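Here's upload_7.txt, which has compact mmCIF, C-alpha atoms and all ligand atoms:
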# COMPACT_ATOMS: atom_id res chain seq x y z
CA MET A 1 28.51 -11.85 2.62
CA GLU A 2 25.04 -10.56 1.94
CA THR A 3 24.70 -8.55 -1.22
CA THR A 4 21.95 -5.97 -1.25
CA GLN A 5 20.69 -3.59 -3.86
CA THR A 6 18.61 -0.47 -3.50
CA ASP A 7 16.73 1.49 -6.08
CA PRO A 8 15.76 4.94 -4.80
CA ASP A 9 13.58 5.63 -7.85
CA THR A 10 11.21 2.77 -7.25
CA GLU A 11 11.55 2.68 -3.49
CA THR A 12 12.26 -0.99 -3.66
CA THR A 13 14.94 -3.00 -2.00
CA ARG A 14 15.91 -6.57 -2.65
CA PRO A 15 17.84 -8.79 -0.30
CA ALA A 16 20.08 -11.52 -1.63
CA ASP A 17 18.52 -14.27 0.42
CA ASN A 18 15.31 -13.86 2.32
CA GLU A 19 12.40 -15.66 0.80
CA ALA A 20 9.77 -15.87 3.50
CA ALA A 21 6.92 -13.40 3.99
CA VAL A 22 7.70 -10.92 6.72
CA GLY A 23 5.85 -9.65 9.79
CA VAL A 24 5.58 -5.98 10.69
CA GLU A 25 5.55 -4.55 14.23
CA VAL A 26 4.53 -0.97 14.95
CA GLU A 27 5.22 0.03 18.55
CA GLY A 28 4.25 3.28 20.24
CA LEU A 29 4.49 5.12 16.94
CA ARG A 30 3.96 8.87 16.95
CA LYS A 31 4.51 11.15 13.99
CA SER A 32 4.47 14.94 14.05
CA PHE A 33 4.97 17.53 11.37
CA GLY A 34 6.09 20.68 13.16
CA ASP A 35 3.84 21.08 16.20
CA THR A 36 1.09 18.91 14.77
CA GLU A 37 0.99 15.28 15.77
CA VAL A 38 -0.80 13.29 13.05
CA LEU A 39 -0.25 9.75 14.42
CA HIS A 40 -0.86 9.16 18.12
CA ASP A 41 0.65 6.10 19.78
CA ILE A 42 -0.03 3.50 17.07
CA ASN A 43 0.54 -0.16 17.97
CA LEU A 44 0.11 -2.91 15.38
CA SER A 45 1.34 -6.40 14.85
CA ILE A 46 0.97 -7.60 11.26
CA LYS A 47 1.63 -11.28 10.66
CA PRO A 48 3.67 -12.77 7.84
CA GLY A 49 1.40 -13.49 4.88
CA GLU A 50 -1.45 -11.41 6.21
CA ILE A 51 -3.58 -9.01 4.17
CA PHE A 52 -3.90 -6.09 6.52
CA VAL A 53 -6.13 -3.20 5.48
CA ILE A 54 -5.95 0.26 7.03
CA MET A 55 -9.18 2.19 6.57
CA GLY A 56 -10.17 5.66 7.59
CA PRO A 57 -11.44 8.99 6.31
CA SER A 58 -9.29 11.39 4.28
CA GLY A 59 -6.65 13.09 6.35
CA SER A 60 -6.76 10.50 9.13
CA GLY A 61 -3.07 9.64 8.68
CA LYS A 62 -3.25 6.48 6.54
CA SER A 63 -0.62 7.52 4.00
CA VAL A 64 1.70 8.85 6.70
CA LEU A 65 1.40 5.54 8.55
CA LEU A 66 2.15 3.57 5.38
CA LYS A 67 5.14 5.76 4.53
CA THR A 68 6.46 5.40 8.06
CA ILE A 69 6.13 1.61 7.82
CA ALA A 70 8.02 1.81 4.52
CA GLY A 71 10.78 3.85 6.14
CA LEU A 72 10.06 6.89 3.95
CA GLU A 73 9.02 8.93 7.00
CA THR A 74 10.87 8.72 10.31
CA PRO A 75 8.87 8.14 13.51
CA THR A 76 8.86 11.05 15.95
CA LYS A 77 8.50 8.43 18.69
CA GLY A 78 8.28 4.66 18.74
CA ARG A 79 9.40 2.31 16.02
CA VAL A 80 8.56 0.05 13.12
CA THR A 81 10.28 -3.29 12.78
CA ILE A 82 9.97 -5.52 9.74
CA ALA A 83 11.25 -9.08 10.08
CA GLY A 84 12.99 -7.84 13.22
CA HIS A 85 14.77 -4.90 11.55
CA ASP A 86 14.10 -1.41 12.90
CA ILE A 87 13.23 0.25 9.62
CA ALA A 88 14.48 3.69 10.71
CA GLU A 89 17.98 2.34 11.30
CA ARG A 90 20.58 2.80 8.61
CA GLY A 91 20.80 -0.12 6.25
CA SER A 92 17.76 -1.94 7.56
CA ARG A 93 15.50 -0.97 4.65
CA GLU A 94 17.86 -2.84 2.35
CA LYS A 95 17.33 -6.03 4.33
CA VAL A 96 13.63 -6.23 3.59
CA HIS A 97 12.34 -6.62 0.09
CA MET A 98 9.29 -4.40 -0.13
CA ALA A 99 7.42 -2.82 -2.98
CA LEU A 100 5.17 0.21 -2.76
CA VAL A 101 2.25 0.93 -5.01
CA PHE A 102 1.47 4.58 -4.51
CA GLN A 103 -1.71 6.42 -5.32
CA ALA A 104 -0.25 7.96 -8.47
CA GLY A 105 1.75 4.93 -9.53
CA ALA A 106 4.64 7.04 -10.93
CA LEU A 107 5.67 5.35 -14.16
CA PHE A 108 8.52 6.54 -16.36
CA ASN A 109 6.71 8.42 -19.13
CA SER A 110 9.44 8.04 -21.71
CA MET A 111 9.38 4.24 -21.54
CA THR A 112 6.96 1.61 -22.76
CA VAL A 113 5.04 -0.47 -20.24
CA PHE A 114 7.38 -3.39 -20.89
CA ASP A 115 10.48 -1.27 -20.29
CA ASN A 116 8.99 0.21 -17.13
CA LEU A 117 8.60 -3.30 -15.74
CA ALA A 118 11.94 -4.61 -17.00
CA LEU A 119 13.94 -1.61 -15.76
CA TYR A 120 14.59 -2.67 -12.21
CA PRO A 121 15.54 -6.31 -12.77
CA THR A 122 17.64 -5.31 -15.79
CA GLU A 123 19.54 -2.54 -14.03
CA HIS A 124 20.21 -4.77 -11.07
CA ARG A 125 21.01 -7.78 -13.23
CA LEU A 126 18.66 -9.92 -11.20
CA HIS A 127 18.10 -12.36 -14.06
CA GLY A 128 19.08 -12.95 -17.66
CA ARG A 129 17.19 -11.24 -20.47
CA LYS A 130 14.94 -14.20 -21.28
CA GLU A 131 14.03 -14.69 -17.64
CA ILE A 132 13.25 -11.00 -17.15
CA GLU A 133 11.07 -11.03 -20.25
CA LYS A 134 9.18 -14.04 -18.88
CA LYS A 135 8.71 -12.43 -15.46
CA VAL A 136 7.52 -9.20 -17.05
CA MET A 137 5.04 -11.04 -19.28
CA ASP A 138 3.84 -13.13 -16.32
CA ALA A 139 3.22 -9.99 -14.30
CA LEU A 140 1.43 -8.32 -17.22
CA GLY A 141 -0.64 -11.49 -17.63
CA ILE A 142 -1.72 -11.52 -13.99
CA LEU A 143 -3.06 -8.00 -14.45
CA SER A 144 -4.54 -8.59 -17.94
CA LEU A 145 -2.12 -6.14 -19.48
CA GLU A 146 -0.51 -8.24 -22.22
CA ASP A 147 -1.87 -5.92 -24.90
CA ALA A 148 -0.36 -2.89 -23.20
CA ARG A 149 3.22 -4.11 -23.28
CA ASP A 150 4.35 -1.72 -26.03
CA LYS A 151 2.19 1.24 -25.02
CA MET A 152 3.52 4.44 -23.49
CA PRO A 153 2.11 5.50 -20.09
CA SER A 154 0.42 8.52 -21.72
CA GLU A 155 -1.72 6.11 -23.77
CA LEU A 156 -3.09 4.36 -20.69
CA SER A 157 -6.22 5.04 -18.68
CA GLY A 158 -5.91 5.69 -14.93
CA GLY A 159 -6.96 2.14 -14.14
CA MET A 160 -4.39 0.67 -16.50
CA LYS A 161 -1.64 2.82 -15.05
CA LYS A 162 -2.53 1.53 -11.63
CA ARG A 163 -2.38 -2.06 -12.83
CA VAL A 164 0.98 -1.40 -14.51
CA ALA A 165 2.25 -0.01 -11.21
CA ILE A 166 1.18 -3.21 -9.43
CA ALA A 167 2.69 -5.37 -12.19
CA ARG A 168 5.95 -3.46 -11.89
CA ALA A 169 6.01 -4.04 -8.14
CA LEU A 170 5.38 -7.75 -8.71
CA VAL A 171 8.36 -8.13 -11.02
CA MET A 172 10.48 -7.12 -8.04
CA GLU A 173 9.35 -10.24 -6.18
CA PRO A 174 8.61 -8.50 -2.90
CA GLN A 175 8.10 -10.07 0.52
CA LEU A 176 5.97 -7.13 1.55
CA MET A 177 3.61 -5.15 -0.68
CA LEU A 178 2.36 -1.77 0.47
CA TYR A 179 -0.56 -0.28 -1.42
CA ASP A 180 -1.86 3.25 -1.01
CA GLU A 181 -5.44 3.49 -2.32
CA PRO A 182 -5.00 0.87 -5.05
CA THR A 183 -8.62 1.16 -6.21
CA SER A 184 -9.15 4.91 -6.05
CA GLU A 185 -10.23 6.43 -9.37
CA LEU A 186 -11.15 3.00 -10.73
CA ASP A 187 -14.57 1.89 -11.87
CA PRO A 188 -16.16 -0.77 -9.63
CA ILE A 189 -15.28 -3.68 -11.93
CA MET A 190 -11.64 -2.70 -12.14
CA GLY A 191 -11.62 -2.04 -8.41
CA ALA A 192 -12.86 -5.59 -7.87
CA THR A 193 -10.18 -6.91 -10.22
CA ILE A 194 -7.46 -5.15 -8.26
CA SER A 195 -8.90 -6.58 -5.03
CA GLU A 196 -8.78 -10.06 -6.53
CA VAL A 197 -5.21 -9.50 -7.63
CA ILE A 198 -4.21 -8.51 -4.10
CA ALA A 199 -5.91 -11.62 -2.70
CA ASP A 200 -4.43 -13.88 -5.44
CA LEU A 201 -0.93 -12.64 -4.80
CA ARG A 202 -1.14 -13.70 -1.21
CA GLN A 203 -2.40 -17.10 -2.33
CA GLU A 204 0.24 -17.59 -5.00
CA VAL A 205 3.26 -15.77 -3.69
CA GLY A 206 2.46 -15.80 0.02
CA LEU A 207 3.56 -12.21 0.53
CA THR A 208 2.48 -9.88 3.29
CA SER A 209 0.22 -7.05 2.10
CA ILE A 210 -0.65 -3.79 3.79
CA VAL A 211 -3.39 -1.95 1.96
CA VAL A 212 -4.49 1.59 2.71
CA SER A 213 -7.96 2.20 1.40
CA HIS A 214 -11.24 3.84 2.09
CA ASP A 215 -12.88 1.37 -0.27
CA ARG A 216 -15.14 -0.46 2.13
CA ASP A 217 -15.96 -3.35 -0.21
CA LEU A 218 -12.34 -4.06 -0.98
CA SER A 219 -11.34 -3.84 2.63
CA LEU A 220 -14.01 -6.01 4.11
CA THR A 221 -13.74 -8.63 1.34
CA ILE A 222 -10.03 -9.29 1.06
CA ALA A 223 -8.69 -8.32 4.47
CA ASP A 224 -7.65 -10.84 7.11
CA ARG A 225 -7.79 -7.94 9.51
CA VAL A 226 -8.84 -4.32 9.27
CA ALA A 227 -7.57 -1.34 11.21
CA ILE A 228 -9.75 1.75 11.49
CA LEU A 229 -7.69 4.93 11.74
CA MET A 230 -9.38 8.20 12.62
CA ASP A 231 -7.63 11.47 13.40
CA GLY A 232 -4.40 9.57 13.91
CA ASN A 233 -5.86 7.10 16.43
CA LEU A 234 -6.51 3.42 15.89
CA LEU A 235 -10.13 2.86 16.84
CA ALA A 236 -10.21 -0.85 16.04
CA VAL A 237 -8.02 -3.66 14.76
CA ASP A 238 -10.03 -6.78 14.07
CA THR A 239 -11.45 -9.19 11.52
CA PRO A 240 -13.69 -7.65 8.85
CA ASP A 241 -16.75 -9.28 10.45
CA LYS A 242 -16.04 -7.89 13.90
CA VAL A 243 -15.31 -4.44 12.50
CA ARG A 244 -18.45 -4.50 10.37
CA ASN A 245 -20.51 -5.35 13.44
CA SER A 246 -18.72 -2.94 15.72
CA ASP A 247 -20.90 -1.27 18.33
CA ASN A 248 -18.75 1.84 18.16
CA PRO A 249 -21.06 4.44 16.54
CA VAL A 250 -18.13 6.33 14.98
CA ILE A 251 -16.95 3.18 13.17
CA ASN A 252 -20.50 2.35 12.20
CA ASP A 253 -21.10 5.78 10.75
CA PHE A 254 -17.84 5.55 8.80
CA LEU A 255 -18.60 2.11 7.34
CA ASN A 256 -22.32 2.69 6.78
CA PRO A 257 -22.82 6.38 6.17
CA VAL A 258 -26.44 7.37 5.97
CA ILE A 259 -27.03 9.80 3.15
CA ASP A 260 -29.33 12.38 4.63
CA VAL A 261 -29.56 15.85 3.10
CA ASN A 262 -30.65 17.19 6.49
CA ASN A 263 -27.53 15.89 8.15
CA PRO A 264 -25.47 18.76 9.60
CA ARG A 265 -22.41 17.34 7.78
CA PHE A 266 -24.10 18.15 4.49
CA LYS A 267 -25.24 21.60 5.56
CA GLN A 268 -21.76 22.52 6.73
CA LYS A 269 -20.34 21.47 3.38
CA LYS A 270 -22.93 23.48 1.50
CA ALA A 271 -22.38 26.54 3.63
CA ALA A 272 -18.64 26.26 3.18
CA SER A 273 -18.73 25.99 -0.60
N1 LIG A 301 4.83 15.99 4.70
C1 LIG A 301 3.86 16.50 5.46
N2 LIG A 301 4.02 17.66 6.11
C2 LIG A 301 3.05 18.18 6.90
N3 LIG A 301 1.86 17.61 7.10
C3 LIG A 301 1.63 16.44 6.48
C4 LIG A 301 2.59 15.82 5.63
N4 LIG A 301 2.09 14.65 5.16
C5 LIG A 301 0.85 14.55 5.69
N5 LIG A 301 0.58 15.61 6.47
C6 LIG A 301 -0.67 15.81 7.24
O1 LIG A 301 -0.91 14.63 7.99
C7 LIG A 301 -2.31 14.36 8.04
C8 LIG A 301 -2.57 12.96 7.55
O2 LIG A 301 -2.30 12.90 6.17
P1 LIG A 301 -2.42 11.57 5.30
O3 LIG A 301 -1.68 10.48 5.97
O4 LIG A 301 -1.99 11.92 3.92
O5 LIG A 301 -3.98 11.28 5.34
P2 LIG A 301 -4.80 10.14 4.56
O6 LIG A 301 -3.83 9.36 3.74
O7 LIG A 301 -5.47 9.35 5.63
O8 LIG A 301 -5.80 10.87 3.72
C9 LIG A 301 -2.98 15.42 7.21
O9 LIG A 301 -3.46 16.43 8.06
C10 LIG A 301 -1.87 15.96 6.34
O10 LIG A 301 -2.08 17.29 6.00
MG MG A 302 -3.66 9.11 1.67
Output the file's structure in the form of C-alpha cells.
Ligand SMILES: Nc1ncnc2c1ncn2[C@@H]1O[C@H](COP(=O)(O)OP(=O)(O)O)[C@@H](O)[C@H]1O
Ligand SMILES: [Mg+2]
Amino acid sequence: METTQTDPDTETTRPADNEAAVGVEVEGLRKSFGDTEVLHDINLSIKPGEIFVIMGPSGSGKSVLLKTIAGLETPTKGRVTIAGHDIAERGSREKVHMALVFQAGALFNSMTVFDNLALYPTEHRLHGRKEIEKKVMDALGILSLEDARDKMPSELSGGMKKRVAIARALVMEPQLMLYDEPTSELDPIMGATISEVIADLRQEVGLTSIVVSHDRDLSLTIADRVAILMDGNLLAVDTPDKVRNSDNPVINDFLNPVIDVNNPRFKQKKAAS
C-alpha cells in the first residue's frame, strides 16, 4: 500500500515512492473569480526536468496560474495533470511531491531557521535525527545560509528569508518546485544567486521547476522555455532566444521597455497619481 503524507501548513506533499521528475499538462484551463475570467483557455505541456518560466506584467494571472497548477485554486474549466494525476481530484495532490516557494516565503516566526527547515521531515518522521540535520545543513549550504541556522526569521533580511524558504522547500525533496517571484525584492547579486540555485537544482536533483517571474534576466538565462502571459492569455511559449527575438510588438515592448517620459503610459500614471 502506498503511504502518503500531507502538510497543509507548508503546502507540500510527499509520496512514498515516486522518484522521477514529473511533467505537467495544462489543458483548456479557464479560471474566473465571480464574473471575471482571469485565465482564458491556457494550454501548456511542461516536460519532466524542465525549467519553465512564466513571465508577464503584474495582474496578468501568473500567480493564479501557479496556484491552479499547485491545486490551491480549482479550474473553472479545463484541467491540470501532474504525472498523469488530475490535480483537482481528491487525493491526487498527495501523489505528487511538490514544494511551493511563495512571494512572502511564510516562515514560522517563533522558530529558528534550523527548526523551520527541520520541522516537516521531523513531524513526518521522514528520516532519523542525524539524517535530518545533515539534509538541513546541506540545504542551508546550497543557499549559503550556514551562519543563519540559529537565527530567528525576524533577524533576517528579505533576501535571506527568501533563501530560507527555498532551502526549506529543498529539504522536502520535491519532484516539482513552484516558485512565485523568487527574486523580487532582492538586489541584483542575490537575484543572480537565486537564479543559479534554481538552475543548479535541476542539474543536481533533476527536478521540474516552474518559475513565475517578471525578472527578465532570470527568465531568459535559466529557462528552457518561457511562457508570456498577458491579461490571462498565453502570447508565446518558446525558448528564451525565440521569445527574445519575437516579432510580436507587445512581447517586445514587455521585454525591452523603452523609457520615454513622453510615452502616454507615463503621462497616464502621472495624471492618475
Ligand atoms: N482570490 C482572488 N479573488 C478575486 N480575484 C483574484 C483573486 N486572485 C487573483 N485575482 C485577480 O486575478 C488577476 C490576476 O492576478 P495574479 O495572478 O495575482 O496576477 P500576477 O501574479 O500576474 O501579478 C488580478 O486581476 C487579480 O486581482
Ligand atoms: Mg503574482
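Using only C-alpha atoms for every distance, the candidate list A:Ala227, A:Val101, A:Thr74, A:Thr183 yields A:Thr74 as the residue closest to Glu89 of chain A.
Using all atoms listed in the file, the shortest contact distance between ligand MG 302 (chain A) and any of A:Glu94, A:Asp200, A:Glu123, A:Glu181 is found at A:Glu181.
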Give one line per residue of chain A that approaches ligand MG 302 (chain A) to at most 9 Å, naming the two atoms of the closest pair and their distance in Å to one decimal, counting all atoms listed in the file; sort by chain then ascending residue number and deliver it as JSON lines.
{"residue": "A:Ser58", "atom": "CA", "partner": "A:MG302", "partner_atom": "MG", "distance": 6.6}
{"residue": "A:Gly59", "atom": "CA", "partner": "A:MG302", "partner_atom": "MG", "distance": 6.8}
{"residue": "A:Ser60", "atom": "CA", "partner": "A:MG302", "partner_atom": "MG", "distance": 8.2}
{"residue": "A:Gly61", "atom": "CA", "partner": "A:MG302", "partner_atom": "MG", "distance": 7.1}
{"residue": "A:Lys62", "atom": "CA", "partner": "A:MG302", "partner_atom": "MG", "distance": 5.5}
{"residue": "A:Ser63", "atom": "CA", "partner": "A:MG302", "partner_atom": "MG", "distance": 4.1}
{"residue": "A:Val64", "atom": "CA", "partner": "A:MG302", "partner_atom": "MG", "distance": 7.4}
{"residue": "A:Leu66", "atom": "CA", "partner": "A:MG302", "partner_atom": "MG", "distance": 8.8}
{"residue": "A:Gln103", "atom": "CA", "partner": "A:MG302", "partner_atom": "MG", "distance": 7.7}
{"residue": "A:Asp180", "atom": "CA", "partner": "A:MG302", "partner_atom": "MG", "distance": 6.7}
{"residue": "A:Glu181", "atom": "CA", "partner": "A:MG302", "partner_atom": "MG", "distance": 7.1}
{"residue": "A:Val212", "atom": "CA", "partner": "A:MG302", "partner_atom": "MG", "distance": 7.6}
{"residue": "A:Ser213", "atom": "CA", "partner": "A:MG302", "partner_atom": "MG", "distance": 8.1}
- Task: Go through the chains and note each residue within 12 Å of ligand LIG 301 (chain A), using all atoms listed in the file, then give the set as number ranges by chain.
- Result: A: 30-40, 54-69, 72-74, 102-103, 179-181, 184, 211-214, 228-234
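Of the residues listed (A:Ile51, A:Leu235, A:Leu145, A:Ile259), A:Leu145 shows the shortest atom-to-atom separation from Lys161 of chain A; distances use all atoms listed in the file.
Minimum atom-to-atom distances from A:Ile82, A:Ala192, A:Leu143, A:Met172 to Ala21 of chain A were compared using all atoms listed in the file, and the lowest value belongs to A:Ile82.
For the set A:Val250, A:Ala167, A:Met190, A:Val226, the residue with the smallest atom-to-atom gap to Leu100 of chain A is A:Ala167, counting only C-alpha atoms.
Taking atom CA of Val96 of chain A and atom CA of Gln175 of chain A as endpoints, the distance between them is 7.4 Å.
Atom CA of Leu170 of chain A is found 11.4 Å from atom CA of Gly141 of chain A.
Interatomic distance, atom CA of Val164 of chain A to atom CA of Val24 of chain A: 26.0 Å.
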- Note on the structure: For Lys242 of chain A, the closest of A:Ala148, A:Val261, A:Leu178, A:Leu220 counting all atoms listed in the file is A:Leu220
Counting only C-alpha atoms, what is within 10 Å of Arg163 of chain A, bar same-chain residues fewer than 5 positions away, as a PDB file with C-alpha atoms, in the coordinates of the input?
ATOM      1  CA  VAL A 101       2.250   0.930  -5.010  1.00  0.00           C
ATOM      2  CA  GLY A 105       1.750   4.930  -9.530  1.00  0.00           C
ATOM      3  CA  ALA A 139       3.220  -9.990 -14.300  1.00  0.00           C
ATOM      4  CA  LEU A 140       1.430  -8.320 -17.220  1.00  0.00           C
ATOM      5  CA  ILE A 142      -1.720 -11.520 -13.990  1.00  0.00           C
ATOM      6  CA  LEU A 143      -3.060  -8.000 -14.450  1.00  0.00           C
ATOM      7  CA  SER A 144      -4.540  -8.590 -17.940  1.00  0.00           C
ATOM      8  CA  LEU A 145      -2.120  -6.140 -19.480  1.00  0.00           C
ATOM      9  CA  SER A 157      -6.220   5.040 -18.680  1.00  0.00           C
ATOM     10  CA  GLY A 158      -5.910   5.690 -14.930  1.00  0.00           C
ATOM     11  CA  ARG A 168       5.950  -3.460 -11.890  1.00  0.00           C
ATOM     12  CA  ALA A 169       6.010  -4.040  -8.140  1.00  0.00           C
ATOM     13  CA  PRO A 182      -5.000   0.870  -5.050  1.00  0.00           C
ATOM     14  CA  THR A 183      -8.620   1.160  -6.210  1.00  0.00           C
ATOM     15  CA  MET A 190     -11.640  -2.700 -12.140  1.00  0.00           C
ATOM     16  CA  THR A 193     -10.180  -6.910 -10.220  1.00  0.00           C
ATOM     17  CA  ILE A 194      -7.460  -5.150  -8.260  1.00  0.00           C
ATOM     18  CA  VAL A 197      -5.210  -9.500  -7.630  1.00  0.00           C
TER      19      VAL A 197
END
N, CA and C atoms modelled onto segment 183-206 of chain A, as a compact mmCIF listing (two decimals), keeping the file's coordinate frame:
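Saved file part_32.txt follows:
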# COMPACT_ATOMS: atom_id res chain seq x y z
N THR A 183 -7.41 1.17 -5.37
CA THR A 183 -8.62 1.16 -6.21
C THR A 183 -9.22 2.55 -6.40
N SER A 184 -8.55 3.58 -5.88
CA SER A 184 -9.15 4.91 -6.05
C SER A 184 -9.12 5.27 -7.53
N GLU A 185 -10.08 5.99 -7.97
CA GLU A 185 -10.23 6.43 -9.37
C GLU A 185 -10.50 5.29 -10.33
N LEU A 186 -10.82 4.10 -9.83
CA LEU A 186 -11.15 3.00 -10.73
C LEU A 186 -12.65 2.76 -10.73
N ASP A 187 -13.15 2.26 -11.86
CA ASP A 187 -14.57 1.89 -11.87
C ASP A 187 -14.73 0.63 -11.00
N PRO A 188 -15.96 0.33 -10.58
CA PRO A 188 -16.16 -0.77 -9.63
C PRO A 188 -15.63 -2.11 -10.11
N ILE A 189 -15.75 -2.39 -11.41
CA ILE A 189 -15.28 -3.68 -11.93
C ILE A 189 -13.76 -3.76 -11.80
N MET A 190 -13.10 -2.68 -12.23
CA MET A 190 -11.64 -2.70 -12.14
C MET A 190 -11.19 -2.71 -10.69
N GLY A 191 -11.93 -2.01 -9.85
CA GLY A 191 -11.62 -2.04 -8.41
C GLY A 191 -11.70 -3.46 -7.87
N ALA A 192 -12.71 -4.19 -8.31
CA ALA A 192 -12.86 -5.59 -7.87
C ALA A 192 -11.71 -6.44 -8.39
N THR A 193 -11.31 -6.16 -9.65
CA THR A 193 -10.18 -6.91 -10.22
C THR A 193 -8.91 -6.70 -9.40
N ILE A 194 -8.67 -5.45 -9.05
CA ILE A 194 -7.46 -5.15 -8.26
C ILE A 194 -7.55 -5.86 -6.90
N SER A 195 -8.73 -5.88 -6.31
CA SER A 195 -8.90 -6.58 -5.03
C SER A 195 -8.58 -8.06 -5.19
N GLU A 196 -9.06 -8.64 -6.28
CA GLU A 196 -8.78 -10.06 -6.53
C GLU A 196 -7.29 -10.30 -6.72
N VAL A 197 -6.65 -9.37 -7.41
CA VAL A 197 -5.21 -9.50 -7.63
C VAL A 197 -4.48 -9.51 -6.29
N ILE A 198 -4.88 -8.59 -5.41
CA ILE A 198 -4.21 -8.51 -4.10
C ILE A 198 -4.41 -9.82 -3.34
N ALA A 199 -5.63 -10.36 -3.39
CA ALA A 199 -5.91 -11.62 -2.70
C ALA A 199 -5.16 -12.78 -3.35
N ASP A 200 -5.13 -12.82 -4.70
CA ASP A 200 -4.43 -13.88 -5.44
C ASP A 200 -2.95 -13.91 -5.11
N LEU A 201 -2.37 -12.73 -5.02
CA LEU A 201 -0.93 -12.64 -4.80
C LEU A 201 -0.55 -13.27 -3.48
N ARG A 202 -1.40 -13.09 -2.51
CA ARG A 202 -1.14 -13.70 -1.21
C ARG A 202 -1.20 -15.23 -1.38
N GLN A 203 -2.22 -15.67 -2.11
CA GLN A 203 -2.40 -17.10 -2.33
C GLN A 203 -1.20 -17.70 -3.06
N GLU A 204 -0.78 -17.02 -4.13
CA GLU A 204 0.24 -17.59 -5.00
C GLU A 204 1.65 -17.35 -4.51
N VAL A 205 1.89 -16.14 -4.03
CA VAL A 205 3.26 -15.77 -3.69
C VAL A 205 3.47 -15.79 -2.17
N GLY A 206 2.37 -15.73 -1.43
CA GLY A 206 2.46 -15.80 0.02
C GLY A 206 3.06 -14.55 0.64
